[in-house]
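With mmCIF, C-alpha atoms inside, this is structure-v5.cif:
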data_protein
loop_
_atom_site.label_atom_id
_atom_site.label_comp_id
_atom_site.auth_asym_id
_atom_site.auth_seq_id
_atom_site.Cartn_x
_atom_site.Cartn_y
_atom_site.Cartn_z
CA MET A 1 -175.19 -45.23 196.79
CA TYR A 2 -174.00 -41.66 196.47
CA ASP A 3 -177.38 -40.59 195.08
CA ALA A 4 -176.85 -36.93 195.97
CA ILE A 5 -173.65 -36.86 193.88
CA LYS A 6 -175.21 -38.79 191.01
CA ASP A 7 -178.24 -36.46 190.91
CA ARG A 8 -176.07 -33.35 190.94
CA VAL A 9 -173.73 -34.68 188.22
CA THR A 10 -176.68 -35.78 186.07
CA GLU A 11 -178.08 -32.26 186.32
CA LEU A 12 -174.72 -30.62 185.49
CA LEU A 13 -174.14 -32.88 182.48
CA SER A 14 -177.73 -32.64 181.20
CA THR A 15 -177.75 -28.85 181.27
CA GLY A 16 -174.35 -28.72 179.62
CA GLU A 17 -172.92 -26.76 182.53
CA ILE A 18 -169.96 -29.13 182.54
CA LYS A 19 -168.42 -31.06 179.66
CA GLY A 20 -167.41 -33.99 181.85
CA PHE A 21 -167.19 -35.13 185.45
CA LEU A 22 -163.81 -36.46 186.57
CA ALA A 23 -164.18 -39.04 189.31
CA LEU A 24 -163.62 -42.73 189.93
CA LYS A 25 -165.39 -45.78 188.72
CA SER A 26 -165.60 -49.36 189.83
CA GLU A 27 -164.52 -51.87 187.18
CA ASN A 28 -163.95 -55.59 187.71
CA GLY A 29 -163.50 -55.05 191.43
CA HIS A 30 -160.94 -52.29 190.95
CA ILE A 31 -161.19 -48.54 191.24
CA ILE A 32 -159.92 -46.40 188.38
CA PRO A 33 -160.17 -42.73 187.40
CA HIS A 34 -162.85 -41.96 184.82
CA LEU A 35 -164.29 -38.95 183.00
CA TYR A 36 -168.07 -39.20 182.94
CA VAL A 37 -169.43 -37.44 179.86
CA SER A 38 -173.01 -38.67 179.90
CA PRO A 39 -175.56 -39.19 182.71
CA GLU A 40 -176.15 -42.77 181.51
CA GLU A 41 -172.82 -44.02 182.84
CA ILE A 42 -173.01 -42.35 186.27
CA ASP A 43 -174.24 -45.57 187.91
CA GLN A 44 -170.64 -46.83 187.78
CA LEU A 45 -169.54 -44.00 190.07
CA SER A 46 -167.17 -44.83 192.89
CA ILE A 47 -165.85 -42.42 195.49
CA GLY A 48 -162.79 -44.56 196.06
CA ASP A 49 -163.76 -47.40 198.34
CA GLY A 50 -161.30 -50.24 197.81
CA GLY A 51 -160.51 -52.66 200.60
CA THR A 52 -161.22 -49.91 203.09
CA GLU A 53 -163.09 -46.69 202.59
CA GLY A 54 -161.24 -44.11 200.51
CA ASP A 55 -158.11 -46.20 199.81
CA GLY A 56 -158.61 -45.86 196.07
CA ARG A 57 -157.45 -42.23 195.94
CA TYR A 58 -155.98 -41.07 192.62
CA PRO A 59 -154.38 -37.73 191.67
CA LEU A 60 -157.63 -36.35 190.23
CA ALA A 61 -156.46 -32.72 190.48
CA LYS A 62 -153.43 -33.61 188.36
CA ILE A 63 -155.59 -35.32 185.73
CA LEU A 64 -157.94 -32.33 185.71
CA THR A 65 -155.02 -29.94 185.13
CA MET A 66 -154.17 -31.96 182.03
CA LEU A 67 -157.79 -32.00 180.83
CA LEU A 68 -158.20 -28.24 181.29
CA LYS A 69 -155.01 -27.60 179.32
CA ASN A 70 -156.01 -29.93 176.49
CA HIS A 71 -159.59 -28.71 176.20
CA ALA A 72 -159.45 -24.94 176.38
CA GLY A 73 -162.69 -23.21 177.25
CA GLU A 74 -164.48 -26.30 178.59
CA ARG A 75 -165.73 -26.65 182.17
CA PHE A 76 -165.35 -29.82 184.17
CA GLY A 77 -166.81 -31.25 187.34
CA ILE A 78 -164.51 -33.13 189.68
CA LEU A 79 -164.99 -35.35 192.70
CA VAL A 80 -163.10 -33.79 195.60
CA ARG A 81 -162.07 -34.89 199.04
CA GLY A 82 -160.41 -32.30 201.26
CA CYS A 83 -157.00 -33.16 199.79
CA ASP A 84 -158.20 -32.88 196.17
CA GLN A 85 -159.70 -29.46 196.83
CA ARG A 86 -156.51 -28.24 198.51
CA ALA A 87 -154.61 -29.34 195.42
CA LEU A 88 -157.05 -27.47 193.15
CA LYS A 89 -156.70 -24.29 195.20
CA ALA A 90 -152.93 -24.54 195.26
CA LEU A 91 -152.84 -25.16 191.49
CA ALA A 92 -155.00 -22.06 191.00
CA ALA A 93 -152.68 -20.02 193.24
CA TRP A 94 -149.78 -21.19 191.07
CA ASN A 95 -151.68 -20.13 187.90
CA GLN A 96 -151.94 -23.70 186.62
CA ILE A 97 -155.73 -23.91 186.47
CA ASP A 98 -158.69 -21.54 186.32
CA LEU A 99 -161.19 -22.44 189.05
CA GLU A 100 -163.95 -20.72 187.04
CA ARG A 101 -163.79 -23.77 184.80
CA VAL A 102 -163.99 -26.25 187.69
CA VAL A 103 -167.12 -27.44 189.52
CA PRO A 104 -166.09 -29.37 192.63
CA ILE A 105 -168.42 -32.06 193.95
CA GLY A 106 -167.41 -32.79 197.52
CA VAL A 107 -167.04 -35.87 199.69
CA SER A 108 -166.16 -35.62 203.36
CA CYS A 109 -163.93 -38.44 204.53
CA THR A 110 -164.93 -40.82 207.29
CA GLU A 111 -163.05 -40.76 210.57
CA GLU A 112 -161.43 -44.08 209.64
CA ARG A 113 -160.06 -42.69 206.39
CA ALA A 114 -159.06 -39.35 207.91
CA THR A 115 -157.19 -41.13 210.68
CA ALA A 116 -155.50 -43.52 208.25
CA CYS A 117 -154.36 -40.51 206.20
CA ALA A 118 -153.42 -38.49 209.33
CA CYS A 119 -155.34 -35.69 207.65
CA ALA A 120 -155.86 -32.37 209.40
CA LEU A 121 -158.53 -31.22 206.93
CA PRO A 122 -160.48 -34.29 205.72
CA TYR A 123 -163.32 -32.37 204.06
CA PRO A 124 -163.70 -29.84 201.23
CA ASP A 125 -165.52 -26.48 201.52
CA GLU A 126 -168.83 -28.13 200.64
CA TRP A 127 -169.83 -31.76 200.29
CA LEU A 128 -172.74 -33.94 199.25
CA GLU A 129 -171.61 -37.18 200.93
CA GLY A 130 -170.24 -37.86 204.39
CA GLU A 131 -170.07 -36.07 207.73
CA GLN A 132 -167.48 -33.63 208.97
CA VAL A 133 -164.94 -35.32 211.19
CA ALA A 134 -161.94 -33.81 212.92
CA PRO A 135 -159.32 -36.44 213.71
CA GLU A 136 -156.15 -35.68 215.51
CA ASP A 137 -153.26 -34.74 213.26
CA PRO A 138 -150.33 -36.79 214.49
CA ARG A 139 -147.07 -35.03 213.77
CA PRO A 140 -143.92 -37.02 213.02
CA VAL A 141 -142.62 -36.49 216.55
CA GLU A 142 -140.36 -39.51 216.49
CA TRP A 143 -138.05 -37.59 214.13
CA GLU A 144 -138.33 -34.35 216.07
CA GLU A 145 -137.23 -35.82 219.37
CA LYS A 146 -133.86 -36.90 218.04
CA GLY A 147 -130.86 -34.66 217.56
CA PRO A 148 -129.69 -33.54 214.10
CA PRO A 149 -126.90 -36.17 213.68
CA GLN A 150 -129.31 -38.99 214.57
CA ARG A 151 -132.00 -37.56 212.34
CA LEU A 152 -129.60 -37.33 209.42
CA GLU A 153 -128.59 -40.94 209.98
CA LEU A 154 -132.20 -42.10 210.09
CA TRP A 155 -133.16 -40.16 206.99
CA ARG A 156 -130.13 -41.45 205.10
CA ALA A 157 -131.22 -44.99 205.97
CA GLU A 158 -134.66 -44.18 204.56
CA PHE A 159 -133.33 -42.46 201.42
CA GLU A 160 -130.98 -45.38 200.73
CA LYS A 161 -134.05 -47.52 200.07
CA CYS A 162 -135.04 -45.28 197.13
CA ILE A 163 -135.24 -47.09 193.77
CA LYS A 164 -135.61 -43.77 191.92
CA CYS A 165 -138.94 -44.66 190.37
CA TYR A 166 -139.99 -40.99 190.38
CA GLY A 167 -143.38 -42.16 191.64
CA CYS A 168 -143.50 -39.41 194.29
CA ARG A 169 -143.08 -36.78 191.60
CA ASN A 170 -145.25 -38.51 189.01
CA ILE A 171 -148.27 -38.83 191.28
CA CYS A 172 -147.91 -35.39 192.93
CA PRO A 173 -150.71 -33.02 191.89
CA MET A 174 -148.38 -30.09 192.57
CA CYS A 175 -145.53 -31.37 190.37
CA PHE A 176 -146.48 -29.50 187.21
CA CYS A 177 -143.05 -28.28 186.02
CA LYS A 178 -142.19 -28.93 182.38
CA GLU A 179 -138.59 -29.58 183.35
CA CYS A 180 -137.80 -31.33 186.61
CA SER A 181 -134.64 -30.72 188.65
CA LEU A 182 -134.69 -34.39 189.62
CA GLU A 183 -133.92 -35.22 185.98
CA SER A 184 -131.19 -32.60 185.66
CA ALA A 185 -127.69 -34.05 185.43
CA ASP A 186 -126.46 -30.96 187.34
CA VAL A 187 -128.41 -32.02 190.41
CA VAL A 188 -128.83 -35.78 190.17
CA THR A 189 -126.30 -38.27 188.81
CA LYS A 190 -127.77 -40.27 185.94
CA GLY A 191 -128.06 -44.04 186.16
CA GLU A 192 -127.33 -44.46 189.86
CA ILE A 193 -129.41 -46.11 192.55
CA PRO A 194 -129.92 -45.01 195.23
CA PRO A 195 -129.92 -41.44 193.95
CA ASP A 196 -127.52 -38.87 195.43
CA LEU A 197 -127.95 -38.92 199.20
CA PRO A 198 -129.54 -36.91 200.62
CA MET A 199 -129.69 -34.37 197.76
CA PHE A 200 -132.33 -36.09 195.63
CA HIS A 201 -134.94 -36.09 198.38
CA LEU A 202 -133.97 -32.75 199.83
CA VAL A 203 -134.23 -31.07 196.41
CA ARG A 204 -137.74 -32.44 196.10
CA ALA A 205 -138.54 -31.36 199.68
CA LEU A 206 -137.37 -27.80 198.95
CA HIS A 207 -139.42 -27.71 195.77
CA MET A 208 -142.49 -28.57 197.86
CA ILE A 209 -142.22 -25.17 199.59
CA GLY A 210 -145.48 -23.33 199.10
CA ARG A 211 -146.84 -26.23 197.08
CA CYS A 212 -147.34 -29.39 199.15
CA VAL A 213 -150.98 -29.78 200.20
CA ASP A 214 -150.22 -32.83 202.37
CA CYS A 215 -152.42 -35.20 200.38
CA GLY A 216 -150.09 -38.13 201.03
CA LEU A 217 -150.26 -39.59 197.52
CA CYS A 218 -146.43 -39.57 197.30
CA GLU A 219 -146.03 -41.75 200.34
CA GLU A 220 -148.74 -44.14 199.12
CA ALA A 221 -146.92 -44.45 195.77
CA CYS A 222 -143.48 -45.11 197.26
CA PRO A 223 -142.39 -48.73 196.65
CA ALA A 224 -139.67 -48.31 199.30
CA ASN A 225 -142.05 -47.03 201.99
CA ILE A 226 -139.98 -43.91 202.63
CA PRO A 227 -141.94 -41.68 205.06
CA LEU A 228 -142.03 -38.80 202.57
CA ARG A 229 -144.94 -37.08 204.21
CA ALA A 230 -143.00 -36.57 207.43
CA LEU A 231 -140.39 -34.73 205.39
CA TYR A 232 -142.85 -32.50 203.54
CA LYS A 233 -144.93 -31.91 206.67
CA LYS A 234 -141.80 -30.47 208.26
CA VAL A 235 -141.28 -28.22 205.24
CA ASN A 236 -144.91 -27.10 205.47
CA ASP A 237 -144.58 -26.39 209.19
CA ILE A 238 -141.50 -24.24 208.65
CA VAL A 239 -143.24 -22.29 205.89
CA GLU A 240 -146.33 -21.81 208.07
CA THR A 241 -144.36 -20.78 211.15
CA ARG A 242 -142.06 -18.40 209.32
CA PHE A 243 -144.34 -17.03 206.62
CA GLN A 244 -147.87 -17.74 207.93
CA PHE A 245 -148.66 -19.56 204.70
CA ARG A 246 -150.18 -22.97 204.11
CA SER A 247 -150.67 -24.18 200.57
CA GLY A 248 -154.15 -25.10 199.35
CA ILE A 249 -156.17 -23.09 201.88
CA ASP A 250 -156.82 -19.91 199.88
CA GLN A 251 -156.62 -19.99 196.08
CA LYS A 252 -156.09 -16.23 195.97
CA GLU A 253 -153.08 -16.21 198.25
CA GLN A 254 -149.77 -16.85 196.53
CA SER A 255 -146.89 -18.63 198.21
CA PRO A 256 -144.04 -16.71 199.91
CA LEU A 257 -141.90 -17.54 196.89
CA HIS A 258 -144.09 -15.26 194.76
CA LYS A 259 -143.76 -12.30 197.06
CA ILE A 260 -141.09 -9.95 198.28
CA VAL A 261 -141.54 -10.08 202.04
CA GLU A 262 -139.55 -9.29 205.13
CA PRO A 263 -137.25 -12.20 205.94
CA PRO A 264 -138.43 -14.22 208.93
CA ALA A 265 -136.50 -14.23 212.17
CA ALA A 266 -133.43 -16.46 212.06
CA ILE A 267 -134.13 -20.11 212.71
CA MET B 1 -163.70 -35.40 174.22
CA ASP B 2 -162.73 -38.72 175.67
CA TYR B 3 -160.57 -39.44 178.70
CA LYS B 4 -160.48 -42.90 180.13
CA THR B 5 -158.14 -45.15 182.03
CA VAL B 6 -157.65 -48.74 180.94
CA LEU B 7 -156.86 -51.23 183.67
CA THR B 8 -154.16 -53.66 182.59
CA THR B 9 -151.06 -55.52 183.73
CA CYS B 10 -147.51 -54.25 183.33
CA ALA B 11 -145.73 -56.03 180.49
CA TYR B 12 -142.16 -55.20 181.53
CA CYS B 13 -141.47 -58.06 183.93
CA GLY B 14 -143.11 -61.06 185.49
CA CYS B 15 -144.26 -59.36 188.73
CA GLY B 16 -147.64 -58.51 187.26
CA CYS B 17 -148.20 -55.02 188.65
CA GLY B 18 -151.61 -53.54 187.93
CA LEU B 19 -151.73 -50.19 186.21
CA CYS B 20 -154.11 -47.80 184.52
CA LEU B 21 -153.17 -46.55 181.07
CA GLU B 22 -154.46 -43.02 180.54
CA VAL B 23 -156.06 -42.44 177.16
CA LEU B 24 -156.97 -38.93 176.01
CA ASP B 25 -158.85 -38.59 172.73
CA GLY B 26 -157.53 -41.91 171.43
CA ARG B 27 -153.88 -41.39 172.41
CA LEU B 28 -151.97 -42.98 175.25
CA ILE B 29 -150.69 -40.15 177.43
CA GLY B 30 -149.75 -41.64 180.79
CA THR B 31 -149.64 -44.42 183.35
CA LEU B 32 -150.99 -44.54 186.90
CA PRO B 33 -150.42 -47.39 189.36
CA SER B 34 -153.55 -49.32 190.27
CA LYS B 35 -154.36 -48.44 193.87
CA THR B 36 -156.50 -51.54 194.41
CA ASN B 37 -154.21 -54.16 192.85
CA PRO B 38 -153.03 -56.60 195.56
CA ILE B 39 -149.64 -57.08 193.85
CA ASN B 40 -148.37 -53.51 193.73
CA GLU B 41 -150.84 -51.66 195.99
CA GLY B 42 -150.60 -48.34 194.18
CA LYS B 43 -146.86 -48.47 193.54
CA LEU B 44 -144.76 -48.93 190.36
CA CYS B 45 -141.09 -48.98 189.42
CA VAL B 46 -139.58 -46.53 186.94
CA LYS B 47 -140.27 -48.88 184.03
CA GLY B 48 -143.90 -49.37 184.93
CA TRP B 49 -144.44 -45.63 185.32
CA ASN B 50 -143.24 -45.13 181.73
CA ILE B 51 -144.76 -48.15 180.01
CA HIS B 52 -147.13 -46.04 177.92
CA GLU B 53 -144.15 -44.52 176.09
CA PHE B 54 -143.18 -47.45 173.87
CA VAL B 55 -146.63 -48.10 172.44
CA GLN B 56 -146.80 -45.07 170.16
CA HIS B 57 -143.06 -44.41 170.03
CA PRO B 58 -141.84 -43.42 166.52
CA ASP B 59 -138.85 -45.78 166.91
CA ARG B 60 -141.05 -48.78 167.59
CA ILE B 61 -140.57 -51.57 165.04
CA THR B 62 -143.96 -52.41 163.57
CA LYS B 63 -142.87 -54.42 160.51
CA PRO B 64 -140.26 -57.15 159.98
CA LEU B 65 -136.84 -55.82 158.94
CA ILE B 66 -134.06 -57.75 157.19
CA ARG B 67 -130.52 -56.41 156.98
CA LYS B 68 -129.53 -56.22 153.32
CA ASN B 69 -126.14 -54.81 152.32
CA GLY B 70 -125.70 -53.37 155.79
CA ALA B 71 -129.05 -51.58 155.92
CA LEU B 72 -132.33 -52.69 157.52
CA VAL B 73 -135.02 -53.08 154.87
CA GLU B 74 -138.74 -53.68 155.41
CA ALA B 75 -139.87 -57.17 154.54
CA SER B 76 -143.09 -59.19 154.49
CA TRP B 77 -143.72 -61.69 157.30
CA ASP B 78 -143.36 -64.59 154.83
CA GLU B 79 -139.99 -63.33 153.63
CA ALA B 80 -138.80 -62.68 157.18
CA LEU B 81 -139.85 -66.12 158.45
CA ASP B 82 -138.38 -67.90 155.42
CA PHE B 83 -135.11 -66.04 155.93
CA THR B 84 -135.00 -66.87 159.65
CA VAL B 85 -135.72 -70.56 159.08
CA SER B 86 -133.13 -70.94 156.33
CA ARG B 87 -130.41 -69.12 158.32
CA LEU B 88 -131.14 -71.08 161.52
CA LYS B 89 -130.87 -74.31 159.53
CA GLU B 90 -127.58 -73.20 157.96
CA ILE B 91 -126.09 -72.16 161.29
CA LYS B 92 -127.18 -75.39 162.95
CA GLU B 93 -125.66 -77.45 160.12
CA ASP B 94 -122.39 -75.53 160.00
CA HIS B 95 -121.78 -74.90 163.70
CA GLY B 96 -124.05 -77.25 165.65
CA SER B 97 -127.22 -76.72 167.70
CA ASP B 98 -125.41 -75.15 170.64
CA SER B 99 -124.27 -72.25 168.48
CA ILE B 100 -127.87 -71.00 168.72
CA ALA B 101 -129.55 -69.48 171.80
CA PHE B 102 -133.15 -68.50 172.47
CA LEU B 103 -134.09 -65.56 174.65
CA ALA B 104 -137.59 -65.66 176.06
CA SER B 105 -139.48 -62.69 177.43
CA ALA B 106 -141.54 -61.46 180.36
CA LYS B 107 -143.59 -59.50 177.85
CA VAL B 108 -145.25 -62.64 176.48
CA THR B 109 -147.47 -65.30 178.03
CA ASN B 110 -146.37 -68.43 179.89
CA GLU B 111 -147.64 -70.47 176.95
CA GLU B 112 -145.53 -68.52 174.46
CA ASN B 113 -142.48 -68.93 176.70
CA TYR B 114 -143.20 -72.66 176.86
CA LEU B 115 -143.34 -72.77 173.07
CA ILE B 116 -139.97 -71.07 172.59
CA MET B 117 -138.43 -73.45 175.15
CA LYS B 118 -139.96 -76.45 173.36
CA PHE B 119 -138.82 -75.12 169.99
CA ALA B 120 -135.26 -74.64 171.28
CA ARG B 121 -134.95 -78.11 172.81
CA ALA B 122 -137.07 -80.25 170.50
CA ALA B 123 -136.76 -78.54 167.10
CA VAL B 124 -133.29 -76.99 167.27
CA GLY B 125 -131.76 -79.28 169.89
CA THR B 126 -130.16 -76.88 172.33
CA ASN B 127 -130.63 -76.11 176.02
CA ASN B 128 -129.56 -72.51 175.45
CA VAL B 129 -132.74 -70.90 176.68
CA ASP B 130 -132.65 -67.80 178.83
CA HIS B 131 -134.56 -64.70 179.75
CA CYS B 132 -134.27 -61.46 177.80
CA ALA B 133 -133.36 -59.64 181.03
CA ARG B 134 -130.00 -61.48 180.94
CA LEU B 135 -129.33 -60.50 177.34
#

Take the structure I supplied and represent it as structure tokens, if you would.
Amino acid sequence: MYDAIKDRVTELLSTGEIKGFLALKSENGHIIPHLYVSPEEIDQLSIGDGGTEGDGRYPLAKILTMLLKNHAGERFGILVRGCDQRALKALAAWNQIDLERVVPIGVSCTEERATACACALPYPDEWLEGEQVAPEDPRPVEWEEKGPPQRLELWRAEFEKCIKCYGCRNICPMCFCKECSLESADVVTKGEIPPDLPMFHLVRALHMIGRCVDCGLCEEACPANIPLRALYKKVNDIVETRFQFRSGIDQKEQSPLHKIVEPPAAI
Amino acid sequence: MDYKTVLTTCAYCGCGCGLCLEVLDGRLIGTLPSKTNPINEGKLCVKGWNIHEFVQHPDRITKPLIRKNGALVEASWDEALDFTVSRLKEIKEDHGSDSIAFLASAKVTNEENYLIMKFARAAVGTNNVDHCARL
């Protein structure tokens, strides 16, 4: 399986074009991230098929950011779905990684996976496995239809479930700050569960402006099943409507926060 | 250069969440939840997310320590075990078996927890056995 990817990675590693290939591997029936450094081990390659196709997604772009920082000058290959590539582009736009040192090897998601992820862009720029599919992108309309007091009530009920594991931040490829507001005593009270309502989650939502690539890893990592993506999707929609910017589409375009622009019309 | 993830089970409580320890060039640098583990399905609590921190922590106790004249002093295992046995015997003799309690742990195996229970009841003679989470 995945012969096209294996052949390409073997070639890249053999010629020394890349130092390692960050992807997934299958081990004892589980899927884990792995850095392939020699062609001999590439047979263990997995593209993330757990129980269903693609459900073994890991924050590969986040791991790659760490590898690039720790091994200056080296080039790496990385397995990318549409979401991973958006993260890489957004990280480049935020000056966190140099895409010259990154060789993406693409996988296009199946319709089943794209639908399960409610993904609007389930394929990278180029891919060696899979077919291009274009599923519908269901918006969180159930929140939109309600009035602000009802929405606040519903969101508070969701946020109250939070056990403050920081999983949403920890797994987020775009959470690269050295110091996190969510750990600042000025913003979040220490030692309290649930965290300050609704500040904790709204601070994170605001910090997703110009960053969130809608990969959905946060929601998958949430032990309380808080519909985090609906929150960040709304943030993304506001940024797109008001500033015509969507993170992770163009690595050369910086977010509205980096620019001095005309303020948008009042909301 | 070496980056790998090691699939293992969280040692902090008895739930048994699956996680991947991230190892970069021989050092533990992070934790990721196992996405395919049927127990935690890609989720962890705040303890699990930070479990890599204690392993190489400078404050981690790696040798037995005995308090001598108010200060903790490194000791050999033989000295530490001899000291523990003699003090437990003294305390039991002076104050009775129920003056001693044993706290078991989710960090060890079922068999080890069985052993500490058996030791408490059969060797020391007390039913004071509890879990370290209630310490």

request  = Determine the residue set returned by the PyMOL selection byres ((chain B) within 6 of (chain A)) for the present structure, and present it as a PyMOL selection string.
outcome  = chain B and resi 3-4+35-36+42-43+45-46

remark   = Pairwise distance, atom CA of A:Glu158 with atom CA of A:Pro227, equals 7.7 Å

ask   = In Å, with one decimal, what is the gap from atom CA of A:Glu144 to atom CA of A:Pro264?
value = 21.4 Å

request  = Could you tell me how far atom CA of A:Cys119 lies from atom CA of A:Gly82, in Å and to one decimal?
outcome  =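 These two atoms are separated by 8.8 Å.
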
Polymer residues at most 12 Å from (-159.9, -25.5, 180.0) by only C-alpha atoms, as number ranges by chain = A: 18-20, 64-77, 96-102

task = Could you expand the PyMOL selection byres ((chain A and resi 175) around 12) into the explicit residues it covers here, written as an NGL selection string?
result = :A and (59 or 61-63 or 65 or 87 or 90-91 or 94 or 96 or 166-174 or 176-182 or 204-205 or 207-213 or 217-218)

task = Pick out the closest residue to B:Ile29 from this set: B:Phe119, B:Arg67, B:Ala101, B:Ile51. Count only C-alpha atoms.
result = B:Ile51

Regenerate stretch 23-40 of chain B at the level of N, CA, C and O atoms and dump it as an mmCIF file, in the coordinates of the input.
data_model
loop_
_atom_site.group_PDB
_atom_site.id
_atom_site.type_symbol
_atom_site.label_atom_id
_atom_site.label_comp_id
_atom_site.auth_asym_id
_atom_site.auth_seq_id
_atom_site.Cartn_x
_atom_site.Cartn_y
_atom_site.Cartn_z
ATOM 1 N N VAL B 23 -155.818 -42.676 178.580
ATOM 2 C CA VAL B 23 -156.060 -42.440 177.160
ATOM 3 C C VAL B 23 -156.853 -41.146 176.997
ATOM 4 O O VAL B 23 -157.944 -41.004 177.540
ATOM 5 N N LEU B 24 -156.269 -40.190 176.276
ATOM 6 C CA LEU B 24 -156.970 -38.930 176.010
ATOM 7 C C LEU B 24 -157.201 -38.813 174.508
ATOM 8 O O LEU B 24 -156.255 -38.801 173.723
ATOM 9 N N ASP B 25 -158.467 -38.746 174.130
ATOM 10 C CA ASP B 25 -158.850 -38.590 172.730
ATOM 11 C C ASP B 25 -158.115 -39.587 171.823
ATOM 12 O O ASP B 25 -157.564 -39.219 170.777
ATOM 13 N N GLY B 26 -158.075 -40.840 172.261
ATOM 14 C CA GLY B 26 -157.530 -41.910 171.430
ATOM 15 C C GLY B 26 -156.023 -42.078 171.503
ATOM 16 O O GLY B 26 -155.470 -42.946 170.829
ATOM 17 N N ARG B 27 -155.337 -41.247 172.306
ATOM 18 C CA ARG B 27 -153.880 -41.390 172.410
ATOM 19 C C ARG B 27 -153.483 -41.736 173.831
ATOM 20 O O ARG B 27 -154.045 -41.203 174.791
ATOM 21 N N LEU B 28 -152.495 -42.634 173.937
ATOM 22 C CA LEU B 28 -151.970 -42.980 175.250
ATOM 23 C C LEU B 28 -151.120 -41.828 175.768
ATOM 24 O O LEU B 28 -150.190 -41.396 175.081
ATOM 25 N N ILE B 29 -151.447 -41.316 176.946
ATOM 26 C CA ILE B 29 -150.690 -40.150 177.430
ATOM 27 C C ILE B 29 -150.013 -40.399 178.776
ATOM 28 O O ILE B 29 -149.159 -39.624 179.187
ATOM 29 N N GLY B 30 -150.376 -41.465 179.480
ATOM 30 C CA GLY B 30 -149.750 -41.640 180.790
ATOM 31 C C GLY B 30 -150.087 -42.964 181.439
ATOM 32 O O GLY B 30 -150.895 -43.745 180.931
ATOM 33 N N THR B 31 -149.427 -43.197 182.575
ATOM 34 C CA THR B 31 -149.640 -44.420 183.350
ATOM 35 C C THR B 31 -149.854 -44.040 184.813
ATOM 36 O O THR B 31 -149.179 -43.152 185.330
ATOM 37 N N LEU B 32 -150.792 -44.708 185.454
ATOM 38 C CA LEU B 32 -150.990 -44.540 186.900
ATOM 39 C C LEU B 32 -150.979 -45.936 187.532
ATOM 40 O O LEU B 32 -151.522 -46.879 186.950
ATOM 41 N N PRO B 33 -150.373 -46.075 188.708
ATOM 42 C CA PRO B 33 -150.420 -47.390 189.360
ATOM 43 C C PRO B 33 -151.834 -47.683 189.843
ATOM 44 O O PRO B 33 -152.532 -46.782 190.271
ATOM 45 N N SER B 34 -152.238 -48.946 189.748
ATOM 46 C CA SER B 34 -153.550 -49.320 190.270
ATOM 47 C C SER B 34 -153.502 -49.331 191.785
ATOM 48 O O SER B 34 -152.684 -50.027 192.379
ATOM 49 N N LYS B 35 -154.383 -48.548 192.416
ATOM 50 C CA LYS B 35 -154.360 -48.440 193.870
ATOM 51 C C LYS B 35 -154.956 -49.677 194.526
ATOM 52 O O LYS B 35 -154.677 -49.958 195.688
ATOM 53 N N THR B 36 -155.794 -50.410 193.789
ATOM 54 C CA THR B 36 -156.500 -51.540 194.410
ATOM 55 C C THR B 36 -155.896 -52.887 194.031
ATOM 56 O O THR B 36 -156.396 -53.920 194.444
ATOM 57 N N ASN B 37 -154.822 -52.880 193.236
ATOM 58 C CA ASN B 37 -154.210 -54.160 192.850
ATOM 59 C C ASN B 37 -153.436 -54.745 194.029
ATOM 60 O O ASN B 37 -152.600 -54.072 194.624
ATOM 61 N N PRO B 38 -153.700 -56.016 194.382
ATOM 62 C CA PRO B 38 -153.030 -56.600 195.560
ATOM 63 C C PRO B 38 -151.536 -56.844 195.353
ATOM 64 O O PRO B 38 -150.799 -57.017 196.316
ATOM 65 N N ILE B 39 -151.065 -56.858 194.104
ATOM 66 C CA ILE B 39 -149.640 -57.080 193.850
ATOM 67 C C ILE B 39 -148.830 -55.834 194.180
ATOM 68 O O ILE B 39 -147.851 -55.875 194.932
ATOM 69 N N ASN B 40 -149.210 -54.707 193.590
ATOM 70 C CA ASN B 40 -148.370 -53.510 193.730
ATOM 71 C C ASN B 40 -148.966 -52.430 194.618
ATOM 72 O O ASN B 40 -148.266 -51.463 194.951
#
